[in-house]
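Peer 1: File follows, coords_12.txt with compact mmCIF, C-alpha atoms:
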```
# COMPACT_ATOMS: atom_id res chain seq x y z
CA MET A 1 -18.63 13.02 7.01
CA THR A 2 -17.65 16.64 7.52
CA SER A 3 -17.36 18.66 4.32
CA SER A 4 -14.49 21.05 3.68
CA ALA A 5 -17.17 23.60 2.77
CA GLN A 6 -17.88 23.89 6.50
CA LEU A 7 -14.40 25.27 7.21
CA THR A 8 -13.77 28.98 7.52
CA SER A 9 -12.11 30.49 4.46
CA GLY A 10 -8.73 30.98 6.13
CA VAL A 11 -8.62 27.48 7.59
CA ALA A 12 -9.78 25.95 4.30
CA ALA A 13 -7.05 27.82 2.40
CA ALA A 14 -4.41 26.58 4.84
CA LEU A 15 -5.63 23.01 4.49
CA GLU A 16 -5.48 23.19 0.70
CA GLU A 17 -1.95 24.58 0.85
CA PHE A 18 -0.91 21.76 3.18
CA LEU A 19 -2.42 19.13 0.88
CA ARG A 20 -0.52 20.62 -2.08
CA HIS A 21 2.62 20.42 0.03
CA LEU A 22 1.98 16.71 0.65
CA ALA A 23 1.38 15.97 -3.01
CA LEU A 24 4.03 18.13 -4.66
CA GLU A 25 6.86 18.41 -2.15
CA ARG A 26 6.56 15.18 -0.19
CA GLY A 27 5.35 13.01 -3.07
CA ARG A 28 2.40 11.51 -1.21
CA SER A 29 -0.04 9.47 -3.29
CA PRO A 30 -3.53 10.74 -4.17
CA HIS A 31 -4.96 8.10 -1.83
CA THR A 32 -2.84 9.38 1.06
CA VAL A 33 -3.76 12.99 0.33
CA ARG A 34 -7.46 12.09 0.36
CA ALA A 35 -7.02 10.39 3.73
CA TYR A 36 -5.32 13.49 5.16
CA ARG A 37 -8.10 15.67 3.78
CA SER A 38 -10.79 13.54 5.40
CA ASP A 39 -9.08 13.38 8.79
CA LEU A 40 -8.04 17.02 8.98
CA THR A 41 -11.36 18.38 7.77
CA GLY A 42 -12.97 16.76 10.79
CA LEU A 43 -10.39 18.34 13.08
CA LEU A 44 -10.44 21.83 11.58
CA ALA A 45 -14.23 22.11 11.30
CA GLY A 46 -14.33 22.99 14.98
CA ILE A 47 -12.05 26.03 14.88
CA ALA A 48 -12.39 29.52 13.44
CA ASP A 49 -8.68 30.27 13.15
CA LEU A 50 -5.58 28.06 13.05
CA ARG A 51 -4.23 29.90 16.09
CA ASP A 52 -7.07 28.31 18.06
CA LEU A 53 -5.55 24.89 17.36
CA ASP A 54 -4.07 23.81 20.68
CA LEU A 55 -3.45 20.56 22.56
CA PRO A 56 -6.90 20.43 24.28
CA VAL A 57 -8.57 20.80 20.85
CA LEU A 58 -6.53 17.90 19.48
CA ARG A 59 -7.29 15.72 22.49
CA ARG A 60 -11.02 16.45 22.36
CA TRP A 61 -11.06 15.58 18.68
CA LEU A 62 -9.45 12.20 19.31
CA ALA A 63 -11.72 11.58 22.30
CA ALA A 64 -14.77 12.27 20.17
CA GLY A 65 -13.53 9.75 17.61
CA HIS A 66 -13.04 7.17 20.33
CA ALA A 67 -16.55 7.79 21.67
CA ALA A 68 -17.92 7.33 18.16
CA GLY A 69 -16.34 3.88 17.97
CA ALA A 70 -13.16 4.55 16.01
CA GLY A 71 -10.57 1.82 16.49
CA ARG A 72 -7.03 2.26 17.73
CA SER A 73 -5.55 2.12 14.24
CA THR A 74 -7.91 4.85 13.03
CA LEU A 75 -7.16 7.06 16.04
CA ALA A 76 -3.42 6.53 15.59
CA ARG A 77 -3.72 7.51 11.92
CA ARG A 78 -5.70 10.64 12.79
CA ALA A 79 -3.17 11.64 15.44
CA ALA A 80 -0.33 11.20 12.96
CA ALA A 81 -2.17 13.37 10.43
CA ALA A 82 -2.70 16.06 13.07
CA ARG A 83 0.97 16.01 14.08
CA THR A 84 2.12 16.30 10.48
CA PHE A 85 -0.24 19.22 9.89
CA THR A 86 0.64 21.15 13.05
CA ALA A 87 4.36 20.71 12.42
CA TRP A 88 3.88 22.14 8.92
CA ALA A 89 1.71 24.99 10.24
CA ARG A 90 4.41 25.88 12.78
CA ARG A 91 7.20 25.78 10.17
CA THR A 92 5.24 28.04 7.83
CA GLY A 93 4.44 30.55 10.57
CA ARG A 94 0.71 29.93 10.67
CA ILE A 95 0.71 29.01 14.38
CA PRO A 96 3.13 30.17 17.12
CA SER A 97 3.87 26.70 18.53
CA ASP A 98 3.34 23.05 17.63
CA PRO A 99 0.66 21.44 19.83
CA GLY A 100 0.87 18.18 17.90
CA ALA A 101 4.38 17.57 19.22
CA ARG A 102 2.83 16.83 22.63
CA LEU A 103 -0.08 14.78 21.32
CA ALA A 104 -0.03 11.14 22.38
CA SER A 105 -2.05 8.56 20.49
CA PRO A 106 -3.02 4.93 20.94
CA ARG A 107 -0.58 2.45 19.52
CA PRO A 108 -2.19 0.88 16.45
CA ASN A 109 -3.14 -2.76 16.60
CA SER A 110 -0.15 -4.90 15.74
CA ALA A 111 -2.28 -7.87 14.75
CA LEU A 112 -2.29 -8.60 11.04
CA PRO A 113 -5.45 -9.57 9.20
CA ALA A 114 -6.08 -13.20 8.38
CA VAL A 115 -4.11 -14.35 5.36
CA PRO A 116 -4.39 -17.39 3.12
CA THR A 117 -2.25 -20.31 4.18
CA MET A 118 0.45 -21.59 1.85
CA ALA A 119 -1.88 -24.40 0.78
CA GLU A 120 -4.68 -21.94 0.07
CA ALA A 121 -2.35 -19.65 -1.88
CA THR A 122 -1.18 -22.62 -3.93
CA ALA A 123 -4.79 -23.68 -4.59
CA LEU A 124 -5.65 -20.10 -5.59
CA LEU A 125 -2.84 -19.89 -8.14
CA ASP A 126 -3.35 -23.41 -9.45
CA ALA A 127 -7.03 -22.62 -10.09
CA ALA A 128 -6.13 -19.38 -11.83
CA GLY A 129 -3.60 -21.26 -13.94
CA SER A 130 -6.26 -23.78 -14.97
CA GLY A 131 -8.60 -20.91 -15.85
CA ALA A 132 -5.94 -19.38 -18.09
CA ALA A 133 -5.07 -22.67 -19.80
CA GLU A 134 -7.11 -21.87 -22.89
CA GLY A 135 -5.30 -18.57 -23.40
CA GLU A 136 -8.20 -16.16 -22.97
CA PRO A 137 -6.54 -12.70 -22.61
CA VAL A 138 -8.31 -11.52 -19.46
CA ALA A 139 -7.71 -14.89 -17.78
CA LEU A 140 -4.01 -14.64 -18.63
CA ARG A 141 -3.91 -11.15 -17.17
CA ASP A 142 -5.73 -12.19 -14.01
CA LEU A 143 -3.32 -15.05 -13.50
CA LEU A 144 -0.39 -12.63 -13.79
CA VAL A 145 -2.03 -10.24 -11.32
CA LEU A 146 -2.32 -13.02 -8.73
CA GLU A 147 1.13 -14.45 -9.37
CA LEU A 148 2.90 -11.10 -9.12
CA LEU A 149 1.00 -9.94 -6.05
CA TYR A 150 1.93 -13.09 -4.19
CA ALA A 151 5.42 -13.47 -5.68
CA THR A 152 6.58 -9.93 -4.96
CA GLY A 153 4.37 -8.56 -2.18
CA VAL A 154 3.85 -5.32 -4.12
CA ARG A 155 0.91 -3.06 -3.36
CA VAL A 156 -1.91 -3.14 -5.88
CA ALA A 157 -1.29 0.48 -6.92
CA GLU A 158 2.37 -0.37 -7.49
CA LEU A 159 1.41 -3.38 -9.58
CA CYS A 160 -1.00 -1.42 -11.75
CA GLY A 161 1.58 1.34 -12.14
CA LEU A 162 4.16 -0.96 -13.75
CA ASP A 163 5.21 -0.20 -17.32
CA LEU A 164 6.77 -2.55 -19.82
CA ASP A 165 10.21 -1.02 -19.36
CA ASP A 166 10.04 -1.77 -15.62
CA ILE A 167 10.59 -5.46 -16.43
CA ASP A 168 14.05 -6.99 -16.28
CA ALA A 169 13.18 -10.40 -17.67
CA GLY A 170 16.76 -11.66 -17.58
CA ARG A 171 16.97 -11.21 -13.82
CA ARG A 172 13.27 -11.91 -13.16
CA ALA A 173 12.99 -8.49 -11.55
CA LEU A 174 10.65 -5.51 -11.58
CA ARG A 175 11.38 -1.85 -10.90
CA VAL A 176 8.65 -0.61 -8.57
CA VAL A 177 7.82 2.97 -7.60
CA GLY A 178 6.31 2.94 -4.14
CA LYS A 179 5.17 5.42 -1.52
CA GLY A 180 6.94 8.75 -1.60
CA ASP A 181 8.18 7.94 -5.14
CA ARG A 182 10.76 5.61 -3.62
CA GLU A 183 12.07 3.09 -6.14
CA ARG A 184 12.95 -0.49 -5.30
CA THR A 185 13.58 -3.72 -7.15
CA VAL A 186 11.55 -6.84 -6.47
CA VAL A 187 12.13 -10.31 -7.87
CA TYR A 188 9.72 -13.05 -8.83
CA GLY A 189 9.93 -16.79 -9.25
CA VAL A 190 9.52 -19.25 -12.09
CA PRO A 191 5.68 -19.55 -11.96
CA ALA A 192 5.28 -15.78 -12.20
CA GLU A 193 7.84 -15.73 -15.01
CA GLY A 194 5.73 -18.20 -16.96
CA ALA A 195 2.56 -16.19 -16.40
CA LEU A 196 4.35 -13.02 -17.49
CA ARG A 197 5.69 -14.61 -20.65
CA ARG A 198 2.27 -15.92 -21.69
CA TRP A 199 0.61 -12.57 -20.95
CA LEU A 200 3.13 -10.66 -23.04
CA ALA A 201 2.98 -13.16 -25.90
CA CYS A 202 -0.74 -13.90 -26.07
CA GLY A 203 -2.75 -11.79 -23.65
CA ARG A 204 -1.57 -8.20 -23.85
CA PRO A 205 -1.40 -8.09 -27.69
CA ALA A 206 -5.09 -9.03 -27.78
CA LEU A 207 -6.09 -6.14 -25.48
CA VAL A 208 -3.75 -3.40 -26.64
CA ARG A 209 -5.25 -0.53 -28.65
CA SER A 210 -3.71 2.29 -30.66
CA GLY A 211 -4.03 4.64 -27.70
CA SER A 212 -2.97 2.17 -25.00
CA PRO A 213 -0.34 3.33 -22.50
CA PRO A 214 2.93 1.40 -22.05
CA ALA A 215 1.40 -0.26 -18.99
CA LEU A 216 2.28 -3.86 -18.24
CA LEU A 217 -1.30 -4.67 -17.26
CA LEU A 218 -4.24 -3.55 -19.39
CA GLY A 219 -7.97 -3.45 -18.84
CA ALA A 220 -10.50 -4.97 -21.18
CA ARG A 221 -10.67 -1.71 -23.20
CA GLY A 222 -6.93 -1.31 -23.55
CA GLY A 223 -6.30 1.23 -20.80
CA ARG A 224 -4.07 0.79 -17.77
CA LEU A 225 -5.58 -1.75 -15.38
CA ASP A 226 -7.55 -0.03 -12.63
CA PRO A 227 -6.59 -1.10 -9.08
CA ARG A 228 -10.28 -1.62 -8.34
CA VAL A 229 -10.44 -4.24 -11.09
CA ALA A 230 -7.34 -5.93 -9.67
CA ARG A 231 -8.97 -6.02 -6.23
CA GLY A 232 -12.01 -7.67 -7.74
CA VAL A 233 -9.80 -10.30 -9.37
CA VAL A 234 -8.31 -11.23 -6.00
CA HIS A 235 -11.64 -11.34 -4.17
CA GLN A 236 -13.25 -13.46 -6.87
CA ALA A 237 -10.33 -15.88 -7.05
CA LEU A 238 -10.18 -16.37 -3.28
CA SER A 239 -13.92 -16.94 -3.07
CA ALA A 240 -13.39 -20.17 -5.02
CA VAL A 241 -10.86 -21.54 -2.50
CA PRO A 242 -12.63 -23.41 0.34
CA GLY A 243 -11.81 -21.95 3.74
CA ALA A 244 -9.67 -19.09 2.42
CA PRO A 245 -10.24 -15.68 4.07
CA ASP A 246 -11.90 -13.01 1.96
CA VAL A 247 -8.98 -10.65 1.54
CA GLY A 248 -7.94 -8.34 -1.24
CA PRO A 249 -4.53 -7.66 -2.78
CA HIS A 250 -3.16 -6.47 0.56
CA GLY A 251 -3.99 -9.90 1.95
CA LEU A 252 -1.75 -11.49 -0.66
CA ARG A 253 0.95 -8.98 0.27
CA HIS A 254 0.63 -10.03 3.92
CA ALA A 255 0.63 -13.68 2.86
CA ALA A 256 3.83 -13.27 0.83
CA ALA A 257 5.63 -11.69 3.80
CA THR A 258 4.28 -14.17 6.33
CA HIS A 259 5.04 -17.24 4.26
CA MET A 260 8.56 -16.11 3.42
CA LEU A 261 9.38 -15.43 7.05
CA GLU A 262 7.91 -18.77 8.06
CA ARG A 263 10.30 -20.40 5.62
CA GLY A 264 13.34 -18.55 6.95
CA ALA A 265 13.70 -15.40 4.84
CA ASP A 266 15.83 -12.58 6.22
CA LEU A 267 13.77 -9.84 7.83
CA ARG A 268 15.77 -7.08 6.12
CA TYR A 269 15.16 -8.71 2.75
CA VAL A 270 11.42 -8.82 3.35
CA GLN A 271 11.52 -5.17 4.42
CA GLU A 272 13.15 -4.27 1.12
CA LEU A 273 10.74 -6.45 -0.85
CA LEU A 274 7.69 -4.81 0.71
CA GLY A 275 9.10 -1.28 0.53
CA HIS A 276 8.73 -0.57 4.25
CA ALA A 277 10.57 2.55 5.35
CA LYS A 278 10.93 1.18 8.89
CA LEU A 279 11.97 -2.28 9.95
CA ALA A 280 9.44 -2.13 12.79
CA THR A 281 6.65 -2.30 10.21
CA THR A 282 8.02 -5.54 8.81
CA GLN A 283 8.54 -6.96 12.29
CA LEU A 284 4.77 -7.17 12.68
CA TYR A 285 4.99 -10.31 10.58
CA THR A 286 7.22 -12.35 12.85
CA HIS A 287 8.41 -13.06 16.36
CA VAL A 288 11.43 -14.94 15.04
CA THR A 289 14.74 -13.25 15.79
CA VAL A 290 16.63 -11.67 12.95
CA GLU A 291 19.55 -14.05 13.57
CA ARG A 292 17.40 -17.01 12.56
CA LEU A 293 16.24 -15.45 9.29
CA LYS A 294 18.96 -16.31 6.76
CA VAL A 295 17.43 -17.44 3.48
CA VAL A 296 16.85 -15.20 0.48
CA HIS A 297 13.95 -15.22 -1.97
CA GLU A 298 14.78 -18.22 -4.13
CA GLN A 299 15.30 -20.41 -1.09
CA ALA A 300 12.36 -19.11 0.93
CA HIS A 301 9.45 -18.25 -1.33
CA PRO A 302 7.05 -21.15 -1.92
CA ARG A 303 6.75 -20.27 -5.61
CA ALA A 304 10.34 -19.27 -6.32
```
Taking this structure as input, can you express it in the form of C-alpha cells?
Peer 2:
Amino acid sequence: MTSSAQLTSGVAAALEEFLRHLALERGRSPHTVRAYRSDLTGLLAGIADLRDLDLPVLRRWLAAGHAAGAGRSTLARRAAAARTFTAWARRTGRIPSDPGARLASPRPNSALPAVPTMAEATALLDAAGSGAAEGEPVALRDLLVLELLYATGVRVAELCGLDLDDIDAGRRALRVVGKGDRERTVVYGVPAEGALRRWLACGRPALVRSGSPPALLLGARGGRLDPRVARGVVHQALSAVPGAPDVGPHGLRHAAATHMLERGADLRYVQELLGHAKLATTQLYTHVTVERLKVVHEQAHPRA
C-alpha cells in the first residue's frame, strides 16, 4: 500500500485539507474518510503537483488497478473518489479544470452477496434465543444484536451508535443516525422487542459501570459495544447454522431487505428502512416492479 509520506508536501497538504472537508463539512464517517485516503494516496503518489492531475493520469491509474486484479466494484469506488476530489480541487482553485468530470468507470457489480435464507435466519435467531435463555448478560446482548440487525436492516456502526434515548419503546422504533449524519426511524417486531426488554432489564444492568456511556449496547467492560465485536457475534452465530453462508452484519442487512421484498414489502419503504439515498441502490434487491410491492413492515417482515 502506498504511504502518504511518499506524496510531495503540496499534494499531501491538499489531500489532508480535502479529507478534513469530507469529515467536517460533508459529515462523512471515519471509515469513509480512511477509504478516500487510501484510494487517493495511490492516485496522487504519481504526481508532483496537483496541476499535473489530468484525464490521462486518472485513466492510467484505473488501468493499473485493473491490471493488478482490482474488481469492478473497487475500480468504480476509486473512480468516484477521484471525481469527488477533482471536483473539490477545481472549486477551491487548486486546478484550472476538472478532469474527473470526464472520467468513466466500470459499473459496479449489481450482484448481492449470498444471504441466509428465511429458514436459516430463523434458525440463527432461535439458537441465539436458546443461548440467552439462562439470562447471561453477554448472551442477552448478542441475541439483541442479531435480532435488531435482522429486524431493522441497520448497519453495524449504526447499531453500535444507538443510545438509550434513541429507543421509542411504545412505537417499537429506533432513531438511527446514518451516513452523512442523516437521521431516520426504523421499526422492529415483537421478537426484537422481547430481546430488547430482557437486555434492558437483566443484561445491561449487569455490564454497566460508573463510567459507561448512555449506549444501548455495551461491551463486557462496560464501554460502548465495538462494531468489531458485533461482527464477531454474527460470524460465530451463523457458523452454527448448517448451510448458512459466512456473512457478517451486512449479510443480515441484505437478508432483511431481500426477505421483506420477497414477502411483498414496498420498495420505497425498504429504501427508507435501509437509509439508502438513492432508490437505485435498493433496487439491487429485487426485479419485482414497484407496483407489486404493497405491504409494510408488520405484514412483510418474517419476524414482525
Peer 1: Which one is closest to Cys202 of chain A: A:Val138, A:Val176, A:Leu225, A:Ala240? Count all atoms listed in the file.
Peer 2: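 Closest to Cys202 of chain A of all the choices is A:Val138.
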Peer 1: When you look at Leu200 of chain A with a cut-off of 10 Å (counting only C-alpha atoms), what residues show up, excluding the ones that are within fewer than 2 positions of it in the same chain? I need them as a PyMOL selection string.
Peer 2: chain A and resi 137+140-141+164+195-198+202-206+216-217
Peer 1: Quick one, how far is atom CA of Leu149 of chain A from atom CA of Ala255 of chain A?
Peer 2: 9.7 Å
Peer 1: How would you write as a PyMOL selection string the residues that get within 10 Å of (3.6, -15.0, 7.7) in the file's frame, counting all atoms listed in the file?
Peer 2: chain A and resi 112+114-118+253-263+284-286
Peer 1: Which residue is closest to Asp49 of chain A? Choose from A:Ala63, A:Val33, A:Leu7, A:Leu22 and count all atoms listed in the file.
Peer 2: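 Comparing A:Ala63, A:Val33, A:Leu7, A:Leu22 against Asp49 of chain A, the winner is A:Leu7.
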Peer 1: Considering only C-alpha atoms, can you say which of A:Glu272, A:Asp126, A:Arg224, A:Gly93 comes closest to Arg182 of chain A?
Peer 2: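 For Arg182 of chain A, the nearest of the given residues is A:Glu272.
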Peer 1: Using Å and a single decimal, report how far atom CA of Arg77 of chain A sits from atom CA of Cys160 of chain A.
Peer 2: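 Value for the atom CA of Cys160 of chain A-atom CA of Arg77 of chain A distance: 25.4 Å.
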Peer 1: Complete the atom set of segment 30-54 of chain A to N, CA and C atoms and return it as a short mmCIF file (atom, residue, chain, number, x, y, z; two decimals), in the coordinates of the input.
Peer 2:
```
data_model
loop_
_atom_site.label_atom_id
_atom_site.label_comp_id
_atom_site.auth_asym_id
_atom_site.auth_seq_id
_atom_site.Cartn_x
_atom_site.Cartn_y
_atom_site.Cartn_z
N PRO A 30 -2.18 10.17 -4.25
CA PRO A 30 -3.53 10.74 -4.17
C PRO A 30 -4.37 10.09 -3.08
N HIS A 31 -4.22 8.79 -2.88
CA HIS A 31 -4.96 8.10 -1.83
C HIS A 31 -4.58 8.65 -0.46
N THR A 32 -3.29 8.85 -0.22
CA THR A 32 -2.84 9.38 1.06
C THR A 32 -3.34 10.80 1.26
N VAL A 33 -3.29 11.61 0.22
CA VAL A 33 -3.76 12.99 0.33
C VAL A 33 -5.25 13.02 0.66
N ARG A 34 -6.03 12.14 0.05
CA ARG A 34 -7.46 12.09 0.36
C ARG A 34 -7.69 11.71 1.82
N ALA A 35 -6.88 10.79 2.33
CA ALA A 35 -7.02 10.39 3.73
C ALA A 35 -6.71 11.55 4.66
N TYR A 36 -5.65 12.31 4.36
CA TYR A 36 -5.32 13.49 5.16
C TYR A 36 -6.46 14.50 5.10
N ARG A 37 -7.00 14.71 3.91
CA ARG A 37 -8.10 15.67 3.78
C ARG A 37 -9.28 15.27 4.67
N SER A 38 -9.65 14.01 4.61
CA SER A 38 -10.79 13.54 5.40
C SER A 38 -10.55 13.73 6.89
N ASP A 39 -9.37 13.29 7.36
CA ASP A 39 -9.08 13.38 8.79
C ASP A 39 -9.01 14.83 9.26
N LEU A 40 -8.28 15.65 8.52
CA LEU A 40 -8.04 17.02 8.98
C LEU A 40 -9.27 17.91 8.84
N THR A 41 -10.12 17.61 7.88
CA THR A 41 -11.36 18.38 7.77
C THR A 41 -12.20 18.20 9.03
N GLY A 42 -12.24 16.98 9.55
CA GLY A 42 -12.97 16.76 10.79
C GLY A 42 -12.37 17.51 11.95
N LEU A 43 -11.05 17.59 12.00
CA LEU A 43 -10.39 18.34 13.08
C LEU A 43 -10.63 19.84 12.95
N LEU A 44 -10.44 20.37 11.76
CA LEU A 44 -10.44 21.83 11.58
C LEU A 44 -11.84 22.41 11.51
N ALA A 45 -12.86 21.58 11.35
CA ALA A 45 -14.23 22.11 11.30
C ALA A 45 -14.63 22.77 12.61
N GLY A 46 -13.94 22.45 13.69
CA GLY A 46 -14.33 22.99 14.98
C GLY A 46 -13.62 24.26 15.37
N ILE A 47 -12.78 24.82 14.51
CA ILE A 47 -12.05 26.03 14.88
C ILE A 47 -12.26 27.13 13.85
N ALA A 48 -12.20 28.37 14.32
CA ALA A 48 -12.39 29.52 13.44
C ALA A 48 -11.08 30.00 12.85
N ASP A 49 -9.99 29.77 13.56
CA ASP A 49 -8.68 30.27 13.15
C ASP A 49 -7.63 29.23 13.55
N LEU A 50 -6.60 29.06 12.73
CA LEU A 50 -5.58 28.06 13.05
C LEU A 50 -4.90 28.33 14.38
N ARG A 51 -4.86 29.59 14.81
CA ARG A 51 -4.23 29.90 16.09
C ARG A 51 -5.02 29.37 17.27
N ASP A 52 -6.26 28.94 17.01
CA ASP A 52 -7.07 28.31 18.06
C ASP A 52 -6.74 26.82 18.22
N LEU A 53 -5.87 26.31 17.34
CA LEU A 53 -5.55 24.89 17.36
C LEU A 53 -4.51 24.62 18.46
N ASP A 54 -4.98 24.09 19.58
CA ASP A 54 -4.07 23.81 20.68
C ASP A 54 -4.21 22.35 21.12
#
```
